[in-house]
Amino acid sequence: MNWEIVIGLETHVELATRSKIFCGCSTAFGAAPNTLCCPVCLGLPGALPVLNEQAVELAVKAALALNCTVTPVSRFDRKNYFYPDLPKAYQISQLYAPLARNGHLDLPDGRRIRISEMHLEEDAGKLHHHDDRTAIDYNRCGVPLIEIVTAPDLSGGEDAVAYLERLRSILQYLGVSDCRMEEGSLRCDVNLSVRPAGSSELGVRTELKNLGSLRAVRLACEYEAQRQIAILESGGQVRCQTCRWDEDARRTVPMRDKEQVGDYRYFPDPDLPPLAVSGEQLNRLRSKQPELAHEKCARYARDWSLSDYDCTTLTSRRELAAFFEQVVSLGAPPKQAANWIMGQVLRRLSADGLDVEEIPITAQALADLIHLVERGTINRNTAVEVFDAVFTGGDPTQYVRAHHLEQSSNTEQITAAVEETLSQNRKSVEDWLSGKEKAAGFLMGQAMRTLGGKAPPALVSEIVRQLLEREKSQ
Ligand SMILES: [Zn+2]
């Protein structure tokens, strides 16, 4: 029998605010344990939450970019459960009137993934398990989160990864979150079931947690789908469970029967007033929405005829796209700018262990360098040498002048150098005359060497040809 995999994702994203959602504590990552806490985020008696407006603004930006309808008045609810990382024994979340609903995200292949809702909530603390004890760090308690819930529209691990990549790109471009999976600022739970191909009914699903990377998401989906299919094919029934992904064993491990929404005894939080988002606020945020990666891709291809690969690479990070556009705005031809950035800039960043946020060379310096090549002042090989010299600072034009790197386009000078080369390499000239085509390449290399590499290769090659042809006719 053919089986169809059905996946829905719940993604938690930490918002890039400086302070927490209901108090003034810092959201900095990596501080010493329990140093970024106060009575509010620790849930001490008498402490009252006050909503961080910046968190609302970022969440609304995300909702608009995901084509959601923003709820004019949303509400906060208490989700009750005890776990040591949650000192209040309830999480402030939104159930009955979430911030936004009914959005969608389009995958690169054009398929539309429906987003059923998006709500605001607070993060819990973090447990650190050691051999004989568990330590608790409450620094993360109260960090603002959005939870984005899709409809069951994805049909495999690759799909889930494609969705997450596009979601991450959108949120990073918006500045809503840094979306670092390795730091937990983007976390994803997978709901997966299988059904006979063509059936419209949903099978019993399991929830997969603890997916720390895109690779883990893909592998866990593949493993879990096969596990469920094996159960069904042997006549068994899938249990509605929560499973953990065991990265080392590369398998999903059932943890507990899945809770139902009623188990949490949600009720409206009496400490927080309803959250109103006005039409005016929506219009203001909508007008400030930046151009997103896939929109830039389409524009680069349309206006500058860049290939799919170029567009995708250049827009893979907001900072890289911004740098590229700056170089182009300074007059560099787009294709040249793209080649330099994807070739040399990315090469040096990786060699120097730098992130694209830290490109040391200025857009002006790179544009100048490209101009030097375009005008024929230096050739491509020299340009790479200059690039490496000025990558961490410096002016290409000054560098070229100071090191006498200008190439000669003076035909007489080049002709003289080629004549000298031919007279010193008679054997190769004879070889060429007797039909050995390779000899021309050798002579070309020797002539470039005589010129110290400072001449346009195409011109030198042309002159070598001319002089050889002349020898032949003599
Ligand atoms: Zn606090």
# chains A, B, ... in the order shown; residues from 1 in each chain; ligands from 1
>>> select_by_dssp(residues="segment 90-267 of chain A", states="strand (DSSP E)", output="ChimeraX atom specification")
/A:90-93,100-106,112-122,126-129,134-137,144-150,186-196,206-211,241-246,251-257,267
>>> residues_near_ligand(ligand="ligand 1", cutoff="7 Å", atoms="only C-alpha atoms and all ligand atoms", output="compact mmCIF listing (two decimals) with N, CA and C atoms, in the first residue's frame")
# COMPACT_ATOMS: atom_id res chain seq x y z
N LYS A 20 12.41 41.38 28.63
CA LYS A 20 11.44 40.28 28.60
C LYS A 20 10.02 40.77 28.33
N CYS A 23 8.41 41.99 32.07
CA CYS A 23 9.22 42.70 33.07
C CYS A 23 10.41 43.33 32.36
N GLY A 24 11.26 44.03 33.09
CA GLY A 24 12.37 44.76 32.45
C GLY A 24 13.67 43.98 32.38
N CYS A 25 13.66 42.69 32.78
CA CYS A 25 14.90 41.91 32.77
C CYS A 25 15.44 41.74 31.35
N LEU A 36 19.50 37.05 35.42
CA LEU A 36 18.61 37.96 34.68
C LEU A 36 17.16 37.68 35.10
N CYS A 37 16.89 37.78 36.40
CA CYS A 37 15.57 37.43 36.93
C CYS A 37 15.10 38.49 37.91
N CYS A 38 13.76 38.58 38.06
CA CYS A 38 13.17 39.49 39.04
C CYS A 38 11.89 38.83 39.57
N PRO A 39 11.24 39.45 40.54
CA PRO A 39 10.02 38.82 41.10
C PRO A 39 8.96 38.51 40.04
N VAL A 40 8.87 39.32 38.97
CA VAL A 40 7.83 39.07 37.96
C VAL A 40 8.11 37.79 37.19
N CYS A 41 9.34 37.68 36.64
CA CYS A 41 9.59 36.49 35.81
C CYS A 41 9.80 35.24 36.67
N LEU A 42 10.04 35.43 37.98
CA LEU A 42 10.12 34.26 38.87
C LEU A 42 8.75 33.92 39.46
N GLY A 142 10.22 34.15 30.73
CA GLY A 142 9.67 35.46 30.38
C GLY A 142 10.25 36.07 29.12
>>> residues_around(residues="Gly157 of chain A", least_positions_apart="4", cutoff="9 Å", atoms="only C-alpha atoms", output="PDB file with C-alpha atoms, in the first residue's frame")
ATOM      1  CA  ILE A   7       2.866  17.076   8.843  1.00  0.00           C
ATOM      2  CA  VAL A 161      12.826  21.946   6.221  1.00  0.00           C
ATOM      3  CA  ALA A 162      11.824  24.099   3.211  1.00  0.00           C
ATOM      4  CA  VAL A 217      13.806  17.808  11.714  1.00  0.00           C
ATOM      5  CA  ARG A 218      14.313  16.017   8.405  1.00  0.00           C
ATOM      6  CA  LEU A 219      15.698  12.813   9.929  1.00  0.00           C
ATOM      7  CA  ALA A 220      13.063  12.664  12.682  1.00  0.00           C
ATOM      8  CA  CYS A 221      10.226  13.060  10.155  1.00  0.00           C
ATOM      9  CA  GLU A 222      11.646  10.299   7.970  1.00  0.00           C
TER      10      GLU A 222
END
>>> residues_around(residues="Glu291 of chain A", least_positions_apart="6", cutoff="12 Å", atoms="only C-alpha atoms", output="PDB file with N, CA and C atoms, in the first residue's frame")
ATOM      1  N   ALA A  65       3.762  39.785   7.710  1.00  0.00           N
ATOM      2  CA  ALA A  65       4.595  39.170   6.673  1.00  0.00           C
ATOM      3  C   ALA A  65       4.121  37.751   6.358  1.00  0.00           C
ATOM      4  N   SER A 169      14.137  32.891   7.066  1.00  0.00           N
ATOM      5  CA  SER A 169      14.563  34.006   6.223  1.00  0.00           C
ATOM      6  C   SER A 169      13.641  35.213   6.415  1.00  0.00           C
ATOM      7  N   ILE A 170      12.327  34.973   6.423  1.00  0.00           N
ATOM      8  CA  ILE A 170      11.371  36.083   6.570  1.00  0.00           C
ATOM      9  C   ILE A 170      11.570  36.776   7.918  1.00  0.00           C
ATOM     10  N   LEU A 171      11.685  35.992   8.983  1.00  0.00           N
ATOM     11  CA  LEU A 171      11.784  36.589  10.320  1.00  0.00           C
ATOM     12  C   LEU A 171      13.118  37.311  10.506  1.00  0.00           C
ATOM     13  N   GLN A 172      14.176  36.768   9.894  1.00  0.00           N
ATOM     14  CA  GLN A 172      15.475  37.452   9.986  1.00  0.00           C
ATOM     15  C   GLN A 172      15.450  38.762   9.203  1.00  0.00           C
ATOM     16  N   TYR A 173      14.875  38.767   8.023  1.00  0.00           N
ATOM     17  CA  TYR A 173      14.790  40.003   7.234  1.00  0.00           C
ATOM     18  C   TYR A 173      13.986  41.070   7.969  1.00  0.00           C
ATOM     19  N   LEU A 174      12.937  40.620   8.680  1.00  0.00           N
ATOM     20  CA  LEU A 174      12.098  41.576   9.408  1.00  0.00           C
ATOM     21  C   LEU A 174      12.799  42.098  10.662  1.00  0.00           C
ATOM     22  N   GLY A 175      13.851  41.395  11.100  1.00  0.00           N
ATOM     23  CA  GLY A 175      14.502  41.770  12.357  1.00  0.00           C
ATOM     24  C   GLY A 175      13.677  41.335  13.562  1.00  0.00           C
ATOM     25  N   CYS A 297      15.019  38.273  -4.596  1.00  0.00           N
ATOM     26  CA  CYS A 297      15.397  37.267  -5.604  1.00  0.00           C
ATOM     27  C   CYS A 297      14.726  37.565  -6.937  1.00  0.00           C
ATOM     28  N   ALA A 298      13.430  37.760  -6.875  1.00  0.00           N
ATOM     29  CA  ALA A 298      12.665  37.996  -8.105  1.00  0.00           C
ATOM     30  C   ALA A 298      13.143  39.287  -8.773  1.00  0.00           C
ATOM     31  N   ARG A 299      13.430  40.315  -7.982  1.00  0.00           N
ATOM     32  CA  ARG A 299      13.865  41.602  -8.553  1.00  0.00           C
ATOM     33  C   ARG A 299      15.261  41.476  -9.182  1.00  0.00           C
ATOM     34  N   THR A 315      20.786  36.508  -1.421  1.00  0.00           N
ATOM     35  CA  THR A 315      19.718  36.894  -0.497  1.00  0.00           C
ATOM     36  C   THR A 315      19.599  35.921   0.671  1.00  0.00           C
ATOM     37  N   ARG A 318      20.229  38.711   5.057  1.00  0.00           N
ATOM     38  CA  ARG A 318      19.874  40.112   4.858  1.00  0.00           C
ATOM     39  C   ARG A 318      21.114  40.989   4.695  1.00  0.00           C
ATOM     40  N   ALA A 321      22.760  40.606   1.225  1.00  0.00           N
ATOM     41  CA  ALA A 321      21.969  41.275   0.183  1.00  0.00           C
ATOM     42  C   ALA A 321      22.176  42.790   0.266  1.00  0.00           C
ATOM     43  N   ALA A 322      22.211  43.315   1.488  1.00  0.00           N
ATOM     44  CA  ALA A 322      22.383  44.764   1.669  1.00  0.00           C
ATOM     45  C   ALA A 322      23.751  45.197   1.144  1.00  0.00           C
TER      46      ALA A 322
END
>>> residues_around(residues="Gln336 of chain A", least_positions_apart="2", cutoff="12 Å", atoms="only C-alpha atoms", output="list in words")
Trp304, Leu306, Asp310, Phe324, Val327, Val328, Gly331, Ala332, Pro333, Pro334, Ala338, Asn339, Trp340, Ile341, Met342, Gly343, Gln344, Leu366, Ala367, Asp368, Leu369, Ile370, His371, Val373, Glu374 and Arg380 of chain A
>>> residues_around(residues="Thr150 of chain A", least_positions_apart="3", cutoff="10 Å", atoms="only C-alpha atoms", output="PyMOL selection string")
chain A and resi 7-11+102-105+113-118+147+153-154+163+191
>>> residues_around(residues="Phe82 of chain A", least_positions_apart="3", cutoff="12 Å", atoms="only C-alpha atoms", output="PyMOL selection string")
chain A and resi 79+85-91+124+263-264
>>> write_last_selection(atoms="N, CA and C atoms", output="PDB file, in the first residue's frame")
ATOM      1  N   LYS A  79      -1.952  29.012  30.955  1.00  0.00           N
ATOM      2  CA  LYS A  79      -1.882  27.585  30.625  1.00  0.00           C
ATOM      3  C   LYS A  79      -1.265  26.917  31.856  1.00  0.00           C
ATOM      4  N   ASP A  85      10.823  24.090  35.355  1.00  0.00           N
ATOM      5  CA  ASP A  85      11.340  25.269  34.641  1.00  0.00           C
ATOM      6  C   ASP A  85      10.332  26.417  34.616  1.00  0.00           C
ATOM      7  N   LEU A  86       9.185  26.227  35.252  1.00  0.00           N
ATOM      8  CA  LEU A  86       8.107  27.215  35.200  1.00  0.00           C
ATOM      9  C   LEU A  86       7.663  27.551  36.627  1.00  0.00           C
ATOM     10  N   PRO A  87       8.317  28.501  37.293  1.00  0.00           N
ATOM     11  CA  PRO A  87       8.071  28.684  38.732  1.00  0.00           C
ATOM     12  C   PRO A  87       6.646  29.110  39.083  1.00  0.00           C
ATOM     13  N   LYS A  88       5.929  29.770  38.156  1.00  0.00           N
ATOM     14  CA  LYS A  88       4.547  30.187  38.463  1.00  0.00           C
ATOM     15  C   LYS A  88       3.589  29.007  38.409  1.00  0.00           C
ATOM     16  N   ALA A  89       4.018  27.904  37.789  1.00  0.00           N
ATOM     17  CA  ALA A  89       3.168  26.736  37.517  1.00  0.00           C
ATOM     18  C   ALA A  89       2.077  27.060  36.503  1.00  0.00           C
ATOM     19  N   TYR A  90       2.200  28.200  35.826  1.00  0.00           N
ATOM     20  CA  TYR A  90       1.382  28.457  34.635  1.00  0.00           C
ATOM     21  C   TYR A  90       2.189  29.326  33.687  1.00  0.00           C
ATOM     22  N   GLN A  91       1.896  29.158  32.410  1.00  0.00           N
ATOM     23  CA  GLN A  91       2.553  29.974  31.391  1.00  0.00           C
ATOM     24  C   GLN A  91       1.530  30.963  30.865  1.00  0.00           C
ATOM     25  N   ALA A 124       9.780  29.538  29.027  1.00  0.00           N
ATOM     26  CA  ALA A 124      10.055  28.972  30.355  1.00  0.00           C
ATOM     27  C   ALA A 124      11.567  28.957  30.570  1.00  0.00           C
ATOM     28  N   ASP A 263      -6.482  19.544  29.231  1.00  0.00           N
ATOM     29  CA  ASP A 263      -5.653  19.168  30.372  1.00  0.00           C
ATOM     30  C   ASP A 263      -5.001  20.378  31.037  1.00  0.00           C
ATOM     31  N   TYR A 264      -4.897  21.465  30.303  1.00  0.00           N
ATOM     32  CA  TYR A 264      -4.168  22.620  30.833  1.00  0.00           C
ATOM     33  C   TYR A 264      -5.047  23.617  31.600  1.00  0.00           C
TER      34      TYR A 264
END
>>> select_by_dssp(residues="segment 125-180 of chain A", states="helix (DSSP H, G or I)", output="ChimeraX atom specification")
/A:157-174
>>> write_last_selection(atoms="N, CA and C atoms", output="PDB file, in the first residue's frame")
ATOM      1  N   GLY A 157       9.730  15.279   5.409  1.00  0.00           N
ATOM      2  CA  GLY A 157      10.811  15.975   6.091  1.00  0.00           C
ATOM      3  C   GLY A 157      11.397  17.117   5.258  1.00  0.00           C
ATOM      4  N   GLU A 158      11.540  16.893   3.947  1.00  0.00           N
ATOM      5  CA  GLU A 158      12.105  17.939   3.081  1.00  0.00           C
ATOM      6  C   GLU A 158      11.202  19.174   3.067  1.00  0.00           C
ATOM      7  N   ASP A 159       9.899  18.928   3.044  1.00  0.00           N
ATOM      8  CA  ASP A 159       8.919  20.018   3.075  1.00  0.00           C
ATOM      9  C   ASP A 159       9.040  20.821   4.345  1.00  0.00           C
ATOM     10  N   ALA A 160       9.165  20.105   5.470  1.00  0.00           N
ATOM     11  CA  ALA A 160       9.250  20.772   6.770  1.00  0.00           C
ATOM     12  C   ALA A 160      10.482  21.665   6.797  1.00  0.00           C
ATOM     13  N   VAL A 161      11.589  21.166   6.242  1.00  0.00           N
ATOM     14  CA  VAL A 161      12.826  21.946   6.221  1.00  0.00           C
ATOM     15  C   VAL A 161      12.661  23.170   5.302  1.00  0.00           C
ATOM     16  N   ALA A 162      12.030  22.975   4.146  1.00  0.00           N
ATOM     17  CA  ALA A 162      11.824  24.099   3.211  1.00  0.00           C
ATOM     18  C   ALA A 162      10.977  25.186   3.872  1.00  0.00           C
ATOM     19  N   TYR A 163       9.946  24.762   4.608  1.00  0.00           N
ATOM     20  CA  TYR A 163       9.092  25.719   5.316  1.00  0.00           C
ATOM     21  C   TYR A 163       9.900  26.486   6.361  1.00  0.00           C
ATOM     22  N   LEU A 164      10.678  25.755   7.153  1.00  0.00           N
ATOM     23  CA  LEU A 164      11.446  26.399   8.229  1.00  0.00           C
ATOM     24  C   LEU A 164      12.501  27.346   7.668  1.00  0.00           C
ATOM     25  N   GLU A 165      13.120  26.964   6.560  1.00  0.00           N
ATOM     26  CA  GLU A 165      14.134  27.846   5.960  1.00  0.00           C
ATOM     27  C   GLU A 165      13.508  29.153   5.500  1.00  0.00           C
ATOM     28  N   ARG A 166      12.343  29.033   4.861  1.00  0.00           N
ATOM     29  CA  ARG A 166      11.709  30.267   4.389  1.00  0.00           C
ATOM     30  C   ARG A 166      11.201  31.102   5.565  1.00  0.00           C
ATOM     31  N   LEU A 167      10.642  30.429   6.566  1.00  0.00           N
ATOM     32  CA  LEU A 167      10.161  31.157   7.756  1.00  0.00           C
ATOM     33  C   LEU A 167      11.323  31.901   8.418  1.00  0.00           C
ATOM     34  N   ARG A 168      12.436  31.213   8.548  1.00  0.00           N
ATOM     35  CA  ARG A 168      13.618  31.819   9.185  1.00  0.00           C
ATOM     36  C   ARG A 168      14.096  33.030   8.389  1.00  0.00           C
ATOM     37  N   SER A 169      14.137  32.891   7.066  1.00  0.00           N
ATOM     38  CA  SER A 169      14.563  34.006   6.223  1.00  0.00           C
ATOM     39  C   SER A 169      13.641  35.213   6.415  1.00  0.00           C
ATOM     40  N   ILE A 170      12.327  34.973   6.423  1.00  0.00           N
ATOM     41  CA  ILE A 170      11.371  36.083   6.570  1.00  0.00           C
ATOM     42  C   ILE A 170      11.570  36.776   7.918  1.00  0.00           C
ATOM     43  N   LEU A 171      11.685  35.992   8.983  1.00  0.00           N
ATOM     44  CA  LEU A 171      11.784  36.589  10.320  1.00  0.00           C
ATOM     45  C   LEU A 171      13.118  37.311  10.506  1.00  0.00           C
ATOM     46  N   GLN A 172      14.176  36.768   9.894  1.00  0.00           N
ATOM     47  CA  GLN A 172      15.475  37.452   9.986  1.00  0.00           C
ATOM     48  C   GLN A 172      15.450  38.762   9.203  1.00  0.00           C
ATOM     49  N   TYR A 173      14.875  38.767   8.023  1.00  0.00           N
ATOM     50  CA  TYR A 173      14.790  40.003   7.234  1.00  0.00           C
ATOM     51  C   TYR A 173      13.986  41.070   7.969  1.00  0.00           C
ATOM     52  N   LEU A 174      12.937  40.620   8.680  1.00  0.00           N
ATOM     53  CA  LEU A 174      12.098  41.576   9.408  1.00  0.00           C
ATOM     54  C   LEU A 174      12.799  42.098  10.662  1.00  0.00           C
TER      55      LEU A 174
END
>>> decode(residues="segment 42-156 of chain A", atoms="C-alpha atoms", output="mmCIF file, in the first residue's frame")
data_model
loop_
_atom_site.group_PDB
_atom_site.id
_atom_site.type_symbol
_atom_site.label_atom_id
_atom_site.label_comp_id
_atom_site.auth_asym_id
_atom_site.auth_seq_id
_atom_site.Cartn_x
_atom_site.Cartn_y
_atom_site.Cartn_z
ATOM 1 C CA LEU A 42 10.121 34.261 38.868
ATOM 2 C CA GLY A 43 6.403 34.505 39.676
ATOM 3 C CA LEU A 44 6.903 35.653 43.291
ATOM 4 C CA PRO A 45 3.754 36.590 45.270
ATOM 5 C CA GLY A 46 2.389 40.046 44.484
ATOM 6 C CA ALA A 47 4.389 40.617 41.310
ATOM 7 C CA LEU A 48 2.363 41.898 38.351
ATOM 8 C CA PRO A 49 3.153 41.564 34.626
ATOM 9 C CA VAL A 50 3.277 44.608 32.313
ATOM 10 C CA LEU A 51 3.237 43.881 28.568
ATOM 11 C CA ASN A 52 6.314 44.905 26.537
ATOM 12 C CA GLU A 53 5.077 46.959 23.567
ATOM 13 C CA GLN A 54 8.146 46.155 21.500
ATOM 14 C CA ALA A 55 7.255 42.438 21.687
ATOM 15 C CA VAL A 56 3.772 43.192 20.367
ATOM 16 C CA GLU A 57 5.213 45.257 17.520
ATOM 17 C CA LEU A 58 7.614 42.501 16.432
ATOM 18 C CA ALA A 59 4.880 39.868 16.661
ATOM 19 C CA VAL A 60 2.518 41.980 14.539
ATOM 20 C CA LYS A 61 5.267 42.528 11.948
ATOM 21 C CA ALA A 62 5.694 38.750 11.697
ATOM 22 C CA ALA A 63 1.924 38.259 11.449
ATOM 23 C CA LEU A 64 1.675 40.739 8.563
ATOM 24 C CA ALA A 65 4.595 39.170 6.673
ATOM 25 C CA LEU A 66 2.912 35.765 7.094
ATOM 26 C CA ASN A 67 -0.298 37.156 5.577
ATOM 27 C CA CYS A 68 -2.281 36.689 8.798
ATOM 28 C CA THR A 69 -5.359 38.574 9.922
ATOM 29 C CA VAL A 70 -4.410 40.400 13.115
ATOM 30 C CA THR A 71 -7.053 40.100 15.847
ATOM 31 C CA PRO A 72 -8.219 43.643 16.776
ATOM 32 C CA VAL A 73 -8.459 42.678 20.457
ATOM 33 C CA SER A 74 -6.582 39.582 21.581
ATOM 34 C CA ARG A 75 -6.340 38.197 25.109
ATOM 35 C CA PHE A 76 -3.876 36.450 27.367
ATOM 36 C CA ASP A 77 -4.677 33.148 29.058
ATOM 37 C CA ARG A 78 -3.006 31.046 31.710
ATOM 38 C CA LYS A 79 -1.882 27.585 30.625
ATOM 39 C CA ASN A 80 -1.600 25.619 33.850
ATOM 40 C CA TYR A 81 0.928 22.888 34.422
ATOM 41 C CA PHE A 82 3.700 22.163 36.865
ATOM 42 C CA TYR A 83 7.238 21.662 35.668
ATOM 43 C CA PRO A 84 10.378 22.879 37.460
ATOM 44 C CA ASP A 85 11.340 25.269 34.641
ATOM 45 C CA LEU A 86 8.107 27.215 35.200
ATOM 46 C CA PRO A 87 8.071 28.684 38.732
ATOM 47 C CA LYS A 88 4.547 30.187 38.463
ATOM 48 C CA ALA A 89 3.168 26.736 37.517
ATOM 49 C CA TYR A 90 1.382 28.457 34.635
ATOM 50 C CA GLN A 91 2.553 29.974 31.391
ATOM 51 C CA ILE A 92 1.029 33.187 30.108
ATOM 52 C CA SER A 93 -0.089 32.373 26.576
ATOM 53 C CA GLN A 94 -3.052 33.005 24.258
ATOM 54 C CA LEU A 95 -5.692 30.384 23.488
ATOM 55 C CA TYR A 96 -9.174 31.836 22.991
ATOM 56 C CA ALA A 97 -8.224 35.015 21.112
ATOM 57 C CA PRO A 98 -4.706 34.659 19.674
ATOM 58 C CA LEU A 99 -2.893 37.649 18.173
ATOM 59 C CA ALA A 100 -3.328 36.522 14.562
ATOM 60 C CA ARG A 101 -5.011 33.868 12.411
ATOM 61 C CA ASN A 102 -5.459 32.548 8.876
ATOM 62 C CA GLY A 103 -2.159 33.344 7.224
ATOM 63 C CA HIS A 104 0.031 31.485 4.797
ATOM 64 C CA LEU A 105 3.597 31.022 3.668
ATOM 65 C CA ASP A 106 4.532 30.046 0.104
ATOM 66 C CA LEU A 107 7.286 27.473 -0.380
ATOM 67 C CA PRO A 108 9.948 28.152 -3.065
ATOM 68 C CA ASP A 109 8.116 25.725 -5.403
ATOM 69 C CA GLY A 110 4.944 27.788 -5.027
ATOM 70 C CA ARG A 111 2.957 25.460 -2.764
ATOM 71 C CA ARG A 112 0.995 27.401 -0.157
ATOM 72 C CA ILE A 113 1.239 26.327 3.497
ATOM 73 C CA ARG A 114 -1.631 27.618 5.599
ATOM 74 C CA ILE A 115 -0.847 29.165 8.973
ATOM 75 C CA SER A 116 -3.793 28.572 11.235
ATOM 76 C CA GLU A 117 -2.714 30.869 14.048
ATOM 77 C CA MET A 118 0.061 32.774 15.720
ATOM 78 C CA HIS A 119 0.088 33.761 19.354
ATOM 79 C CA LEU A 120 2.271 35.555 21.880
ATOM 80 C CA GLU A 121 3.543 33.825 25.004
ATOM 81 C CA GLU A 122 6.381 33.755 27.502
ATOM 82 C CA ASP A 123 9.266 31.297 27.420
ATOM 83 C CA ALA A 124 10.055 28.972 30.355
ATOM 84 C CA GLY A 125 13.441 28.455 32.048
ATOM 85 C CA LYS A 126 15.979 25.849 31.073
ATOM 86 C CA LEU A 127 16.851 22.604 32.855
ATOM 87 C CA HIS A 128 20.407 21.318 32.771
ATOM 88 C CA HIS A 129 20.564 17.595 33.441
ATOM 89 C CA HIS A 130 23.735 16.233 35.043
ATOM 90 C CA ASP A 131 24.441 12.668 36.154
ATOM 91 C CA ASP A 132 23.119 12.952 39.681
ATOM 92 C CA ARG A 133 21.187 16.226 39.667
ATOM 93 C CA THR A 134 19.321 18.733 37.548
ATOM 94 C CA ALA A 135 20.140 22.444 37.661
ATOM 95 C CA ILE A 136 17.648 25.164 36.707
ATOM 96 C CA ASP A 137 18.423 28.439 34.945
ATOM 97 C CA TYR A 138 15.518 30.914 35.061
ATOM 98 C CA ASN A 139 17.159 33.519 32.805
ATOM 99 C CA ARG A 140 15.000 32.432 29.865
ATOM 100 C CA CYS A 141 11.751 32.696 31.912
ATOM 101 C CA GLY A 142 9.671 35.460 30.377
ATOM 102 C CA VAL A 143 11.591 35.863 27.121
ATOM 103 C CA PRO A 144 8.917 36.780 24.546
ATOM 104 C CA LEU A 145 7.913 34.064 22.088
ATOM 105 C CA ILE A 146 5.608 33.777 19.150
ATOM 106 C CA GLU A 147 4.213 30.357 18.376
ATOM 107 C CA ILE A 148 3.347 29.845 14.710
ATOM 108 C CA VAL A 149 1.040 26.901 13.977
ATOM 109 C CA THR A 150 0.578 25.546 10.461
ATOM 110 C CA ALA A 151 -2.294 23.501 9.087
ATOM 111 C CA PRO A 152 -1.310 19.875 8.269
ATOM 112 C CA ASP A 153 -0.177 20.915 4.786
ATOM 113 C CA LEU A 154 3.370 19.519 4.668
ATOM 114 C CA SER A 155 4.065 16.098 3.252
ATOM 115 C CA GLY A 156 7.548 15.070 4.410
#
